[in-house]
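Enquirer: Handing over data_2.cif, mmCIF, C-alpha atoms.
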data_structure
#
loop_
_atom_site.label_atom_id
_atom_site.label_comp_id
_atom_site.auth_asym_id
_atom_site.auth_seq_id
_atom_site.Cartn_x
_atom_site.Cartn_y
_atom_site.Cartn_z
CA MET A 1 27.91 -2.65 17.09
CA GLY A 2 30.61 -3.98 14.87
CA LYS A 3 30.24 -3.66 11.14
CA GLY A 4 30.46 -6.68 8.92
CA LEU A 5 28.58 -8.93 6.62
CA CYS A 6 27.82 -12.53 7.30
CA CYS A 7 26.55 -14.65 4.46
CA GLY A 8 25.05 -18.05 5.20
CA GLU A 9 24.00 -20.21 2.32
CA VAL A 10 21.06 -22.48 2.99
CA ILE A 11 20.71 -25.08 0.29
CA ARG A 12 17.39 -26.82 -0.12
CA LEU A 13 16.74 -30.28 -1.53
CA ARG A 14 16.47 -30.87 -5.28
CA GLY A 15 13.46 -29.21 -6.77
CA MET A 16 13.28 -26.63 -3.98
CA LYS A 17 14.06 -22.95 -4.31
CA MET A 18 17.59 -21.70 -3.59
CA MET A 19 17.75 -19.06 -0.93
CA VAL A 20 20.48 -16.92 0.63
CA ILE A 21 20.20 -15.29 4.03
CA MET A 22 22.14 -12.09 4.58
CA LEU A 23 22.88 -10.96 8.14
CA GLY A 24 24.29 -7.47 8.85
CA VAL A 25 25.45 -7.73 12.45
CA THR A 26 28.77 -8.84 13.93
CA VAL A 27 30.82 -11.15 11.79
CA THR A 28 29.57 -14.72 12.30
CA LEU A 29 30.08 -17.88 10.26
CA ILE A 30 26.98 -19.82 9.31
CA ARG A 31 27.88 -23.23 7.95
CA CYS A 32 26.23 -24.66 4.86
CA GLY A 33 23.40 -27.07 5.41
CA VAL A 34 20.30 -28.48 3.81
CA LEU A 35 16.85 -27.31 4.83
CA VAL A 36 14.21 -30.06 4.85
CA GLU A 37 10.73 -29.10 6.01
CA GLY A 38 12.13 -26.51 8.40
CA ASP A 39 15.00 -28.64 9.77
CA LEU A 40 18.64 -28.02 8.89
CA PHE A 41 20.91 -31.00 8.15
CA SER A 42 24.59 -31.24 7.35
CA LYS A 43 25.87 -32.04 3.88
CA HIS A 44 27.56 -35.14 5.32
CA LYS A 45 24.25 -36.52 6.56
CA ILE A 46 22.58 -35.75 3.24
CA LEU A 47 25.26 -37.79 1.46
CA GLU A 48 24.82 -40.65 3.96
CA VAL A 49 21.09 -40.66 3.32
CA GLU A 50 21.56 -40.65 -0.45
CA ARG A 51 23.91 -43.65 -0.21
CA LYS A 52 21.44 -45.53 2.01
CA LEU A 53 18.54 -44.86 -0.35
CA THR A 54 20.62 -45.97 -3.33
CA GLN A 55 21.39 -49.19 -1.46
CA LEU A 56 17.76 -49.94 -0.62
CA ARG A 57 15.64 -48.53 -3.43
CA ARG A 58 15.04 -50.45 -6.64
CA PRO A 59 13.23 -49.49 -9.86
CA ALA A 60 9.49 -50.03 -9.45
CA VAL A 61 7.38 -51.98 -11.91
CA LYS A 62 4.33 -50.30 -10.38
CA THR A 63 3.79 -47.69 -7.66
CA ILE A 64 0.78 -47.51 -5.33
CA GLN A 65 -0.15 -44.44 -3.29
CA SER A 66 -1.84 -45.57 -0.06
CA GLU A 67 -4.50 -43.47 1.65
CA ASP A 68 -2.40 -43.41 4.84
CA GLY A 69 0.48 -41.63 3.07
CA ASP A 70 2.64 -44.69 2.37
CA ILE A 71 4.04 -45.29 -1.10
CA ILE A 72 4.30 -48.95 -2.06
CA ASP A 73 6.71 -49.85 -4.86
CA CYS A 74 6.16 -53.16 -6.66
CA ILE A 75 9.75 -54.38 -7.15
CA ASP A 76 10.98 -57.20 -9.37
CA ILE A 77 11.44 -60.13 -6.98
CA TYR A 78 14.95 -60.75 -8.33
CA LYS A 79 16.02 -57.15 -7.71
CA GLN A 80 14.92 -56.84 -4.07
CA PRO A 81 17.15 -55.28 -1.36
CA ALA A 82 18.02 -58.66 0.23
CA PHE A 83 20.65 -59.38 -2.40
CA GLY A 84 22.69 -56.40 -1.28
CA HIS A 85 23.89 -58.54 1.64
CA PRO A 86 27.39 -59.97 0.96
CA ALA A 87 26.29 -63.48 1.97
CA LEU A 88 23.35 -63.43 -0.45
CA ARG A 89 24.95 -62.16 -3.67
CA ASN A 90 24.48 -65.53 -5.43
CA HIS A 91 21.41 -66.63 -3.49
CA THR A 92 18.73 -68.71 -5.24
CA ILE A 93 15.23 -67.75 -4.14
CA GLN A 94 13.12 -70.48 -2.55
CA MET A 95 9.65 -69.61 -3.83
CA ALA A 96 7.71 -71.79 -1.37
CA PRO A 97 8.45 -73.80 1.78
CA THR A 98 9.39 -77.45 1.43
CA TYR A 99 7.22 -78.43 4.37
CA ASP A 100 3.47 -78.78 3.72
CA LEU A 101 1.97 -76.37 6.24
CA THR A 102 -1.62 -76.96 5.16
CA LYS A 103 -1.56 -80.54 6.41
CA GLU A 104 -3.43 -80.91 9.71
CA THR A 105 -1.63 -82.77 12.46
CA LYS A 106 -2.91 -84.93 15.26
CA THR A 107 -1.88 -82.25 17.72
CA MET A 108 -4.58 -79.86 16.46
CA THR A 109 -7.10 -79.41 19.23
CA LYS A 110 -10.84 -79.13 18.82
CA MET A 111 -10.44 -75.41 19.48
CA ASP A 112 -7.93 -75.16 16.60
CA ARG A 113 -10.32 -76.77 14.15
CA LEU A 114 -13.30 -74.69 15.27
CA LYS A 115 -11.30 -71.47 15.01
CA LYS A 116 -9.93 -72.44 11.61
CA ARG A 117 -13.48 -72.89 10.29
CA SER A 118 -14.73 -69.66 11.87
CA GLU A 119 -11.87 -67.64 10.33
CA GLN A 120 -13.21 -68.39 6.87
CA SER A 121 -16.28 -66.26 7.62
CA SER A 122 -14.76 -63.67 9.98
CA VAL A 123 -13.27 -60.25 9.22
CA THR A 124 -9.52 -60.62 8.67
CA VAL A 125 -6.84 -58.05 9.41
CA LYS A 126 -5.66 -56.42 6.19
CA GLN A 127 -3.14 -53.79 5.16
CA THR A 128 -4.26 -50.24 4.39
CA TRP A 129 -2.38 -49.95 1.09
CA GLN A 130 -4.33 -52.90 -0.33
CA LYS A 131 -7.40 -50.62 -0.64
CA SER A 132 -5.54 -48.69 -3.36
CA GLY A 133 -4.22 -51.53 -5.52
CA SER A 134 -2.12 -54.67 -5.68
CA CYS A 135 1.27 -55.80 -6.93
CA PRO A 136 1.49 -58.22 -9.86
CA HIS A 137 2.97 -61.70 -9.61
CA GLY A 138 6.74 -61.69 -9.98
CA THR A 139 7.06 -58.56 -7.83
CA ILE A 140 7.12 -57.83 -4.12
CA PRO A 141 5.47 -54.81 -2.42
CA VAL A 142 8.09 -52.64 -0.72
CA ARG A 143 7.13 -49.71 1.51
CA ARG A 144 9.18 -46.78 0.25
CA ILE A 145 11.53 -45.36 2.88
CA ARG A 146 11.14 -41.61 3.03
CA LYS A 147 14.18 -39.37 2.90
CA LYS A 148 12.92 -37.23 5.79
CA ASP A 149 12.69 -40.30 8.08
CA LEU A 150 16.30 -41.18 7.36
CA LEU A 151 17.40 -37.59 7.88
CA ARG A 152 15.74 -37.44 11.28
CA ALA A 153 17.23 -40.77 12.40
CA SER A 154 19.89 -40.46 15.09
CA SER A 155 22.12 -42.70 12.95
CA VAL A 156 21.66 -43.31 9.22
CA LYS A 157 23.88 -46.39 9.45
CA ASP A 158 21.75 -47.92 12.20
CA TYR A 159 18.38 -46.84 10.82
CA GLY A 160 15.81 -49.61 11.17
CA ARG A 161 17.79 -51.45 13.84
CA LYS A 162 16.75 -51.80 17.47
CA LYS A 163 18.88 -49.91 19.95
CA HIS A 164 21.57 -52.24 21.24
CA SER A 165 21.93 -52.38 25.00
CA THR A 166 23.84 -54.53 27.44
CA LEU A 167 22.37 -56.22 30.49
CA SER A 168 21.72 -53.60 33.12
CA GLY A 169 21.77 -55.85 36.18
CA HIS A 170 18.24 -54.79 37.08
CA VAL A 171 16.34 -57.52 38.95
CA ALA A 172 13.31 -58.79 37.05
CA GLU A 173 10.55 -60.93 38.46
CA SER A 174 9.29 -64.28 37.18
CA SER A 175 5.94 -66.00 37.69
CA ASP A 176 7.33 -68.17 40.48
CA ASN A 177 8.66 -65.10 42.38
CA LYS A 178 12.28 -65.81 41.50
CA SER A 179 14.61 -62.93 40.74
CA VAL A 180 16.17 -63.06 37.28
CA TYR A 181 18.46 -60.66 35.46
CA LEU A 182 16.32 -60.16 32.39
CA LEU A 183 16.16 -56.42 31.80
CA ARG A 184 18.31 -54.97 29.08
CA ALA A 185 18.95 -51.30 29.55
CA ASN A 186 16.13 -49.21 28.04
CA HIS A 187 14.06 -52.30 27.16
CA SER A 188 11.08 -53.54 29.17
CA LYS A 189 9.37 -56.83 28.40
CA ALA A 190 6.33 -58.76 29.58
CA ILE A 191 6.63 -62.14 27.89
CA LEU A 192 5.84 -65.83 27.97
CA LEU A 193 9.03 -67.86 27.55
CA THR A 194 9.73 -71.50 26.82
CA GLU A 195 13.22 -73.03 26.83
CA GLY A 196 14.89 -76.42 27.05
CA TYR A 197 14.46 -77.86 23.55
CA ARG A 198 15.69 -77.31 20.03
CA TYR A 199 12.97 -75.16 18.52
CA THR A 200 12.37 -74.95 14.78
CA GLY A 201 9.13 -72.99 14.80
CA ALA A 202 6.64 -70.95 16.81
CA LYS A 203 3.17 -69.55 16.26
CA GLY A 204 0.67 -67.24 17.94
CA ASP A 205 -2.51 -65.26 17.35
CA ILE A 206 -1.76 -61.68 18.44
CA LYS A 207 -4.53 -59.20 19.25
CA VAL A 208 -4.00 -56.03 17.20
CA CYS A 209 -3.97 -52.84 19.28
CA ALA A 210 -3.20 -49.13 18.87
CA PRO A 211 -0.98 -48.28 21.86
CA SER A 212 0.21 -44.78 22.64
CA VAL A 213 3.92 -44.05 22.12
CA GLU A 214 4.98 -40.96 24.04
CA LEU A 215 8.17 -39.86 22.27
CA ASP A 216 9.38 -40.26 18.69
CA ASP A 217 12.47 -42.25 19.67
CA GLU A 218 10.44 -44.86 21.61
CA TYR A 219 8.56 -47.89 20.32
CA THR A 220 6.27 -50.68 21.42
CA THR A 221 5.91 -54.12 19.83
CA SER A 222 3.94 -57.33 20.27
CA GLN A 223 5.52 -60.36 18.68
CA VAL A 224 6.52 -64.00 18.39
CA CYS A 225 10.29 -64.41 18.71
CA LEU A 226 12.74 -67.32 18.36
CA ILE A 227 16.15 -66.80 19.93
CA ASN A 228 19.56 -68.44 20.35
CA GLY A 229 22.98 -67.43 21.60
CA PRO A 230 24.42 -65.56 24.60
CA SER A 231 22.49 -62.64 26.06
CA PHE A 232 25.12 -60.07 25.03
CA ALA A 233 25.10 -61.16 21.36
CA PHE A 234 21.95 -63.20 20.81
CA GLU A 235 20.50 -64.16 17.45
CA SER A 236 16.77 -63.79 16.88
CA VAL A 237 13.99 -63.77 14.32
CA GLU A 238 10.64 -62.22 15.20
CA SER A 239 7.39 -60.96 13.75
CA GLY A 240 4.25 -59.20 14.96
CA TRP A 241 2.95 -55.64 15.06
CA ALA A 242 4.69 -52.44 16.11
CA VAL A 243 4.18 -48.73 16.69
CA ASN A 244 7.59 -47.24 15.94
CA PRO A 245 7.76 -43.53 14.96
CA SER A 246 11.54 -43.52 14.49
CA VAL A 247 11.33 -46.15 11.74
CA TYR A 248 7.92 -45.51 10.19
CA GLY A 249 7.48 -41.79 10.81
CA ASP A 250 4.04 -42.07 12.43
CA ARG A 251 2.12 -43.87 15.17
CA ASN A 252 0.15 -46.32 13.06
CA THR A 253 0.07 -50.00 14.02
CA ARG A 254 2.14 -51.87 11.45
CA PHE A 255 3.05 -55.47 10.64
CA PHE A 256 6.78 -56.12 10.96
CA VAL A 257 9.53 -58.69 10.83
CA TYR A 258 12.89 -58.28 12.57
CA TRP A 259 16.20 -60.14 12.75
CA THR A 260 19.64 -59.83 14.32
CA ALA A 261 22.74 -61.99 14.53
CA ASP A 262 24.54 -60.12 17.32
CA GLY A 263 22.02 -58.62 19.73
CA SER A 264 21.46 -55.68 17.33
CA LYS A 265 25.01 -54.39 17.72
CA GLN A 266 25.83 -54.22 14.03
CA THR A 267 23.41 -56.58 12.27
CA GLY A 268 19.70 -56.83 11.68
CA CYS A 269 16.76 -54.53 11.12
CA PHE A 270 13.02 -54.13 10.80
CA ASP A 271 11.48 -55.32 7.54
CA LEU A 272 13.51 -54.45 4.43
CA THR A 273 15.36 -51.47 5.91
CA CYS A 274 18.59 -53.44 5.43
CA PRO A 275 19.54 -56.40 3.21
CA GLY A 276 18.75 -59.81 4.69
CA PHE A 277 15.09 -60.86 4.53
CA VAL A 278 14.15 -62.48 1.21
CA GLN A 279 10.53 -61.74 0.32
CA THR A 280 8.48 -63.99 -1.96
CA SER A 281 4.89 -62.76 -1.47
CA HIS A 282 3.31 -60.13 -3.74
CA GLU A 283 0.46 -59.60 -1.24
CA ILE A 284 2.03 -58.32 2.01
CA ALA A 285 4.17 -55.20 2.41
CA LEU A 286 6.48 -55.39 5.42
CA GLY A 287 6.11 -52.33 7.65
CA ALA A 288 2.70 -51.40 6.21
CA ALA A 289 -0.20 -50.31 8.43
CA ILE A 290 -2.83 -52.91 9.34
CA TYR A 291 -6.55 -52.64 10.05
CA PRO A 292 -9.04 -53.05 11.68
CA ILE A 293 -7.70 -52.38 15.17
CA SER A 294 -9.18 -53.92 18.32
CA VAL A 295 -10.97 -51.42 20.55
CA PRO A 296 -12.21 -51.78 24.16
CA ASP A 297 -15.50 -53.72 24.29
CA GLY A 298 -15.19 -54.39 20.55
CA LEU A 299 -14.14 -57.37 18.45
CA PRO A 300 -10.61 -58.69 19.20
CA TYR A 301 -9.00 -58.50 15.77
CA GLU A 302 -5.85 -60.63 15.47
CA ILE A 303 -2.91 -61.33 13.22
CA ILE A 304 -1.74 -64.93 13.01
CA VAL A 305 2.06 -65.12 12.94
CA TYR A 306 3.98 -68.32 12.27
CA ILE A 307 7.80 -68.53 12.02
CA PHE A 308 9.31 -71.89 11.07
CA LYS A 309 12.54 -73.38 9.79
CA ASP A 310 12.45 -75.20 6.47
CA PRO A 311 13.75 -78.76 7.09
CA VAL A 312 15.55 -78.89 3.74
CA THR A 313 16.93 -75.40 3.09
CA SER A 314 17.14 -74.21 6.76
CA ASN A 315 15.50 -70.92 5.74
CA TRP A 316 13.43 -69.30 8.52
CA TRP A 317 10.02 -68.64 6.94
CA VAL A 318 7.38 -66.14 8.09
CA GLN A 319 3.73 -66.98 7.44
CA TYR A 320 0.89 -64.47 7.83
CA GLY A 321 -2.74 -65.36 8.43
CA GLU A 322 -2.27 -69.13 8.00
CA ARG A 323 -2.05 -68.85 4.24
CA ILE A 324 0.52 -66.29 3.04
CA ASN A 325 4.18 -67.29 3.16
CA ILE A 326 5.77 -63.85 3.08
CA GLY A 327 9.43 -64.82 2.78
CA TYR A 328 12.38 -65.96 4.84
CA TRP A 329 15.73 -65.28 6.47
CA PRO A 330 18.45 -67.47 4.89
CA PRO A 331 20.69 -69.44 7.30
CA GLU A 332 23.74 -67.59 5.95
CA LEU A 333 22.72 -64.61 8.09
CA PHE A 334 23.25 -66.55 11.33
CA PHE A 335 25.51 -68.93 13.20
CA ALA A 336 23.53 -70.57 16.02
CA LEU A 337 20.12 -69.93 14.45
CA SER A 338 21.23 -71.65 11.27
CA TYR A 339 20.66 -74.85 13.30
CA HIS A 340 17.79 -74.12 15.69
CA ALA A 341 16.49 -71.78 18.40
CA THR A 342 16.93 -72.46 22.11
CA GLY A 343 14.03 -70.32 23.28
CA VAL A 344 10.69 -68.91 22.15
CA GLU A 345 9.07 -65.69 23.42
CA TRP A 346 5.53 -64.37 23.03
CA GLY A 347 4.52 -60.94 24.33
CA GLY A 348 5.30 -57.25 24.39
CA GLU A 349 8.38 -55.03 24.44
CA VAL A 350 8.78 -51.30 25.05
CA TYR A 351 11.92 -49.36 24.21
CA SER A 352 12.62 -46.03 25.90
CA SER A 353 15.57 -44.29 27.51
CA ARG A 354 13.17 -43.73 30.42
CA VAL A 355 12.58 -47.42 31.19
CA GLY A 356 13.76 -48.26 34.70
CA THR A 357 13.96 -44.58 35.65
CA THR A 358 11.79 -41.93 37.29
CA PRO A 359 9.84 -40.44 35.64
CA HIS A 360 9.04 -43.54 33.64
CA THR A 361 7.88 -43.41 30.02
CA LYS A 362 4.14 -43.29 29.35
CA THR A 363 4.50 -45.51 26.27
CA ASP A 364 1.92 -48.32 26.31
CA MET A 365 2.47 -52.03 25.96
CA GLY A 366 -0.34 -54.04 24.35
CA ASN A 367 -3.35 -51.73 24.42
CA GLY A 368 -2.12 -49.80 27.45
CA ARG A 369 -4.08 -51.80 30.01
CA PHE A 370 -2.65 -54.17 32.59
CA ALA A 371 -3.08 -57.89 31.92
CA SER A 372 -6.72 -58.91 32.29
CA THR A 373 -8.22 -62.35 31.82
CA ALA A 374 -11.50 -60.62 30.93
CA GLY A 375 -9.89 -59.76 27.60
CA PHE A 376 -9.46 -56.03 28.18
CA SER A 377 -5.68 -56.13 27.66
CA GLY A 378 -3.27 -57.38 25.03
CA VAL A 379 -3.54 -61.13 24.51
CA ILE A 380 -1.86 -63.89 22.50
CA THR A 381 -3.68 -67.18 21.96
CA ARG A 382 -3.07 -70.50 20.19
CA MET A 383 0.62 -70.46 21.08
CA ARG A 384 2.40 -73.34 19.41
CA ILE A 385 5.95 -74.61 18.89
CA HIS A 386 7.96 -77.05 16.86
CA ASP A 387 10.54 -78.73 19.10
CA ASN A 388 11.86 -82.19 18.25
CA SER A 389 8.91 -82.93 16.00
CA PRO A 390 7.61 -81.30 12.81
CA ALA A 391 4.11 -81.21 14.31
CA LEU A 392 2.92 -78.04 16.01
CA LYS A 393 2.21 -78.50 19.70
CA ILE A 394 1.31 -76.53 22.81
CA PRO A 395 4.52 -75.78 24.78
CA GLU A 396 4.74 -77.94 27.91
CA TRP A 397 7.05 -75.78 30.03
CA VAL A 398 6.54 -72.03 30.10
CA GLU A 399 7.17 -69.09 32.41
CA THR A 400 6.05 -65.48 32.42
CA TYR A 401 8.70 -62.77 32.78
CA MET A 402 8.16 -59.11 33.61
CA ASP A 403 10.96 -56.60 33.78
CA GLU A 404 8.77 -54.00 35.51
CA PHE A 405 5.61 -55.62 36.84
CA ASN A 406 4.32 -52.30 38.20
CA CYS A 407 4.57 -50.78 34.71
CA TYR A 408 3.77 -53.74 32.44
CA ASP A 409 2.54 -57.11 33.67
CA ALA A 410 1.49 -60.52 32.37
CA ILE A 411 -0.81 -63.42 33.20
CA TYR A 412 -0.66 -66.94 31.75
CA VAL A 413 -3.87 -68.97 31.94
CA GLU A 414 -3.73 -72.72 31.35
CA ASP A 415 -6.16 -74.16 33.92
CA TYR A 416 -9.83 -74.67 33.08
CA VAL A 417 -9.33 -73.64 29.46
CA GLU A 418 -8.90 -75.90 26.48
CA ASP A 419 -6.20 -73.69 24.97
CA PRO A 420 -3.75 -71.61 27.06
CA GLU A 421 -3.96 -67.80 26.84
CA PHE A 422 -1.34 -65.16 27.57
CA TYR A 423 -2.46 -61.68 28.69
CA TYR A 424 0.02 -58.81 28.92
CA GLY A 425 0.40 -55.04 28.80
CA GLY A 426 0.34 -51.84 30.79
CA PRO A 427 0.39 -48.05 30.58
CA GLY A 428 3.97 -47.47 31.65
CA ARG A 429 3.96 -44.54 34.07
CA ASN A 430 1.21 -44.78 36.71
CA TYR A 431 0.91 -44.38 40.47
CA LYS A 432 2.71 -47.71 40.99
CA CYS A 433 5.32 -46.88 38.33
CA PRO A 434 6.05 -43.16 38.77
#
As C-alpha cells, how would this structure be written, given the file I've shared?
Expert:
Amino acid sequence: MGKGLCCGEVIRLRGMKMMVIMLGVTVTLIRCGVLVEGDLFSKHKILEVERKLTQLRRPAVKTIQSEDGDIIDCIDIYKQPAFGHPALRNHTIQMAPTYDLTKETKTMTKMDRLKKRSEQSSVTVKQTWQKSGSCPHGTIPVRRIRKKDLLRASSVKDYGRKKHSTLSGHVAESSDNKSVYLLRANHSKAILLTEGYRYTGAKGDIKVCAPSVELDDEYTTSQVCLINGPSFAFESVESGWAVNPSVYGDRNTRFFVYWTADGSKQTGCFDLTCPGFVQTSHEIALGAAIYPISVPDGLPYEIIVYIFKDPVTSNWWVQYGERINIGYWPPELFFALSYHATGVEWGGEVYSSRVGTTPHTKTDMGNGRFASTAGFSGVITRMRIHDNSPALKIPEWVETYMDEFNCYDAIYVEDYVEDPEFYYGGPGRNYKCP
C-alpha cells in the first residue's frame, strides 16, 4: 500500500462546526465542499444559492413560525421581491382592482346564489400558518425559501420554474375521439378546455385533495389557467393547489400561483420564487399549506380561484375565496397576454420524467382516483369565463383533453345538471397504464 497523506477539508455552513478529515491511504485529492445535513455541495452552488436568497429575501417586519415547519415573513409591501424584475423597477402598486367584483350579474344562476349563501356558514379552506399569527396591514406574508431546498434543486437559476419541454408528438385523445398532439414531453394533463374568444377572466371551485407524489422531482397540480401564444413559447397565468416537493420541500397540499411568458424556457415561476407577481393581500401566503383536505366519503372542501384582467390597468388579478384579492401580474411581464388570453383550461397536470414511458410514474392526479361522477375523484365546479363581456358566464364551447386516458382521465357533465361539472384524475401507473 502506498504511503501518503490525503487531506480533505469539509466546510460546514455558518454556525456549524469546522471539521477536517484525514485519510492515510494512497494519495487522493478530495475537493472542498460544503456539508449540509449530510449532503456535500460545491462552493459554486453555495454562492449561487446565496445570490438567489439575497435577490428574494427582504427584511421582515414580523416573522411567524407555522406548525407545519414553514416560516412566514411579513414583508413591507413596497419592498417585496416583485420589484426585482427589470420591467417593474418603477412600478406603482395597484392596491385594489378597478372592476367591482362584488356586483352580482344577470348571468348568476340560482345555483350560484344558493352556494354563495351557503358558503357564509360552511367551513372554508384556510392556510396552516394562520393558526400561528397574522401579518399587519401594509405588509405581505412571504413563505421563506429554505437554503436546503435551493441547494437540492437541480438548477438554482431555474428553481421554482416548471420544467420546460417541447411537444413530443405523442397522440392525445379528445372527448370526440379525435387525435390531437397535446402532450408535452414529461407532462400529462386531463383538462377541460375552451377556445375561440378573447378571454379576460376565468373562475372555478377546485376540490382540495392530498395526492401522492412518488419522487421528489415530480409534481401534481390542479388549477385554472389562462393561456395565449404558440405551443412552443406560450404565455400563461394560473392558480390552484399543488403538491411539489422540489419547490416546497414536502408533500403538503399548497395554494399556488404560476406564470410564464415563454413556455417556461427562461421566464416565470411558482409564487414569489422569482420577481414578477405583485402581492397586495396581507392575509394569504403564496405557496403555504392549506387545510382541511377532502377525504373519501367526507366533505368536499374547495378553494375558489378567480383570475381576471383589470379593464383599466390590464393587470391580471388573482382572487381567493370570492373575497381576497391576493395580487396581480402586471402586463409588462407579457406580450400576447397583455391583451387577452385565447384559451382557458381547468383540470390537473402531472410532471414526471416517467410520463409516457414504461414503467409509468405512480404520481396521482386529483385525489388519485379516475374521474367519477359520484364525486369520488377530483372535481371542478362553477366554471366561468369572461369573454367579450365583463359578466361571468358559463363557457358555451368546451372539450375534454387527456394525454394518457389510461393513466389519468376526465369526464365533463353538462346534461341534466343546472351547473356543469368537470371530474378528472387518476393513479398514474395501474394495470391499464403499466
Enquirer: Rank nothing, just name the residue among A:Ala233, A:Pro296, A:Gly196, A:His164 nearest to Cys269 of chain A, using all atoms listed in the file.
Expert: A:His164
Enquirer: Restricting the calculation to only C-alpha atoms, which member of A:Val61, A:Ile75, A:Ala285, A:Leu192 is positioned closest to Val413 of chain A?
Expert: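 For Val413 of chain A, the nearest of the given residues is A:Leu192.
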Enquirer: Do you have the atom CA of Phe270 of chain A-atom CA of Lys162 of chain A distance handy?
Expert: 8.0 Å
Enquirer: Find the spatial neighbours of Ser132 of chain A, counting only C-alpha atoms, within a cut-off of 8 Å - ignore same-chain residues fewer than 5 positions away - and output them as number ranges by chain.
Expert: A: 64-67
Enquirer: Could you check the closest approach to Leu333 of chain A for each of A:Val49, A:Cys407, A:Val278, A:Leu150 and tell me which residue wins, using all atoms listed in the file?
Expert: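 That would be A:Val278, the residue with the smallest distance to Leu333 of chain A.
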Enquirer: Check which residues satisfy the PyMOL selection byres ((chain A and resi 133) around 12) in the file shown, then give them as a list in words.
Expert: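 Written out, the selection comes to Lys62, Thr63, Ile64, Gln65, Ser66, Glu67, Ile71, Ile72, Asp73, Cys74, Gln127, Thr128, Trp129, Gln130, Lys131, Ser132, Ser134, Cys135, Pro136, Pro141, His282, Glu283 and Ile284 of chain A.
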Enquirer: Which value, in Å to one decimal, gives the distance between atom CA of Pro395 of chain A and atom CA of Asn325 of chain A?
Expert: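 Atom-to-atom, atom CA of Pro395 of chain A to atom CA of Asn325 of chain A, that is 23.2 Å.
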Enquirer: Which protein, DNA or RNA residues are at most 12 Å from (17.2, -78.3, 4.9) in the file's coordinates when you count only C-alpha atoms, listed as a PyMOL selection string?
Expert: chain A and resi 94+97-99+200+308-316+330-331+338-340
